[in-house]
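Chemist: Sharing a structure, written as structure tokens. Questions coming.
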Amino acid sequence: MPGASEGTLLVVEDDADLRASVVDVLTSAGYPSAVAKDGLEALTWLEVHGRPSLVLLDMEMPRMDGRAFLERVTRHPAWAGLTVVALTSRPVHHPAVLDTLLKPFDGHALLEHVPHWLRRSRPPVKS
């Protein structure tokens with residue numbers, strides 16, 4: 001179970017059922033979670049709420065997909081180095097992606113990896 005110092009996990013997923021399922025699993029395990037249904041909503045969330053501890057990012061979404069989101073955040077000084085894990089059906093090779101959780105996955109697999117990803121979370125880049 002996460003400690004009080006651990007922040008929000010942002011789930012960026014266009015499939016409403018999967019998004020709700022991931023959030024249910026995370027919150028049931030004690031991880032504060034927020035959602036965005038695409039990259040544009042995720043950027044807005046970052047602008048309003050700041051840097052999450054971890055971004056779980058679907059790579060194929062309408063309006064703004066995962067790659068476009070990554071391109072935007074890597075160019076923004078406050079968001080550069082965000083800890084991002086791709087949720088997708090194919091492996092992702094992108095320098096901003098820490099890891100990939102291949103779809104389909106179950107809640108146990110997700111929870112097995114979250115502590116590891118949080119330990120490897122990157123601190124904000126100082127300007």
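Letters A, B, ... mark the chains of the structure tokens in the order given; residue numbers begin at 1 per chain; ligand numbers begin at 1, in order shown.
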Could you pull out the helix (DSSP H, G or I) residues of chain A, going by DSSP on the backbone, and write them as a count of residues only?

Modeler: 47

Chemist: I'd like the contact shell of A:Arg51 - 12 Å cut-off, only C-alpha atoms, skipping same-chain residues fewer than 2 positions apart - returned as JSON, numbers by chain.

Modeler: {"A": [6, 7, 8, 9, 10, 34, 42, 43, 44, 45, 46, 47, 48, 49, 53, 54, 55, 73, 76, 77, 78, 79, 80, 81, 82, 83, 84, 121, 122, 123, 124, 125]}

Chemist: Taking the backbone alone, and naming residues the way the document does, which bits of chain A are strand (DSSP E or B) by DSSP, as a list in words?

Modeler: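 Of chain A, only Leu9, Leu10, Val11, Val12, Ser33, Ala34, Val35, Ala36, Leu54, Val55, Leu56, Leu57, Asp58, Val84, Val85, Ala86, Leu87, Thr88, Val97, Leu98, Asp99, Thr100, Leu101 and Leu102 of chain A fall in strand (DSSP E or B).
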
Chemist: The selected residues should be written to file as a PDB file, in the first residue's frame (atoms: C-alpha atoms).

Modeler:
```pdb
ATOM      1  CA  LEU A   9      -1.593   8.215 -10.647  1.00  0.00           C
ATOM      2  CA  LEU A  10      -3.041   9.653 -13.856  1.00  0.00           C
ATOM      3  CA  VAL A  11      -4.824   7.079 -16.038  1.00  0.00           C
ATOM      4  CA  VAL A  12      -5.072   8.235 -19.675  1.00  0.00           C
ATOM      5  CA  SER A  33      -6.038   8.141  -9.133  1.00  0.00           C
ATOM      6  CA  ALA A  34      -7.275  10.625 -11.697  1.00  0.00           C
ATOM      7  CA  VAL A  35      -8.468  10.092 -15.257  1.00  0.00           C
ATOM      8  CA  ALA A  36      -8.263  11.599 -18.713  1.00  0.00           C
ATOM      9  CA  LEU A  54       2.884   8.206 -12.520  1.00  0.00           C
ATOM     10  CA  VAL A  55       1.070   8.418 -15.860  1.00  0.00           C
ATOM     11  CA  LEU A  56      -0.518   5.223 -17.202  1.00  0.00           C
ATOM     12  CA  LEU A  57      -0.901   6.096 -20.877  1.00  0.00           C
ATOM     13  CA  ASP A  58      -2.884   4.399 -23.626  1.00  0.00           C
ATOM     14  CA  VAL A  84       5.087   7.276 -17.996  1.00  0.00           C
ATOM     15  CA  VAL A  85       4.044   3.659 -18.461  1.00  0.00           C
ATOM     16  CA  ALA A  86       2.384   2.741 -21.757  1.00  0.00           C
ATOM     17  CA  LEU A  87      -0.793   0.646 -21.673  1.00  0.00           C
ATOM     18  CA  THR A  88      -1.006  -0.836 -25.141  1.00  0.00           C
ATOM     19  CA  VAL A  97       8.321   5.641 -21.567  1.00  0.00           C
ATOM     20  CA  LEU A  98       9.619   3.824 -18.503  1.00  0.00           C
ATOM     21  CA  ASP A  99       7.811   0.553 -19.200  1.00  0.00           C
ATOM     22  CA  THR A 100       4.951  -1.037 -21.145  1.00  0.00           C
ATOM     23  CA  LEU A 101       2.060  -3.053 -19.732  1.00  0.00           C
ATOM     24  CA  LEU A 102       0.643  -5.049 -22.610  1.00  0.00           C
TER      25      LEU A 102
END
```

Chemist: Quick one: residues within 6 Å of stretch 63-67 of chain A, only C-alpha atoms counted, chain neighbours fewer than 5 positions away excluded, as a short mmCIF file (atom, residue, chain, number, x, y, z; two decimals) with N, CA and C atoms, in the first residue's frame?

Modeler:
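After the write, selection17.cif holds the following:
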```cif
data_model
loop_
_atom_site.label_atom_id
_atom_site.label_comp_id
_atom_site.auth_asym_id
_atom_site.auth_seq_id
_atom_site.Cartn_x
_atom_site.Cartn_y
_atom_site.Cartn_z
N ASP A 38 -8.11 11.16 -23.11
CA ASP A 38 -7.18 11.27 -24.24
C ASP A 38 -6.03 12.19 -23.85
N GLY A 39 -5.09 12.35 -24.76
CA GLY A 39 -3.93 13.18 -24.48
C GLY A 39 -4.25 14.63 -24.19
N LEU A 40 -5.24 15.18 -24.87
CA LEU A 40 -5.62 16.58 -24.63
C LEU A 40 -6.16 16.77 -23.22
N ASP A 58 -2.50 5.14 -22.42
CA ASP A 58 -2.88 4.40 -23.63
C ASP A 58 -2.18 5.08 -24.80
#
```

Chemist: Measure the distance from atom CA of A:Arg19 to atom CA of A:Pro52 in Å and round it to one decimal.

Modeler: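 Separating atom CA of A:Arg19 from atom CA of A:Pro52 is a distance of 16.7 Å.
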
Chemist: Restricting the calculation to only C-alpha atoms, which member of A:His94, A:His108, A:Lys37, A:Arg75 is positioned closest to A:Asp14?

Modeler: A:Lys37

Chemist: Which value, in Å to one decimal, gives the distance between atom CA of A:Ser28 and atom CA of A:Asp106?

Modeler: 14.0 Å
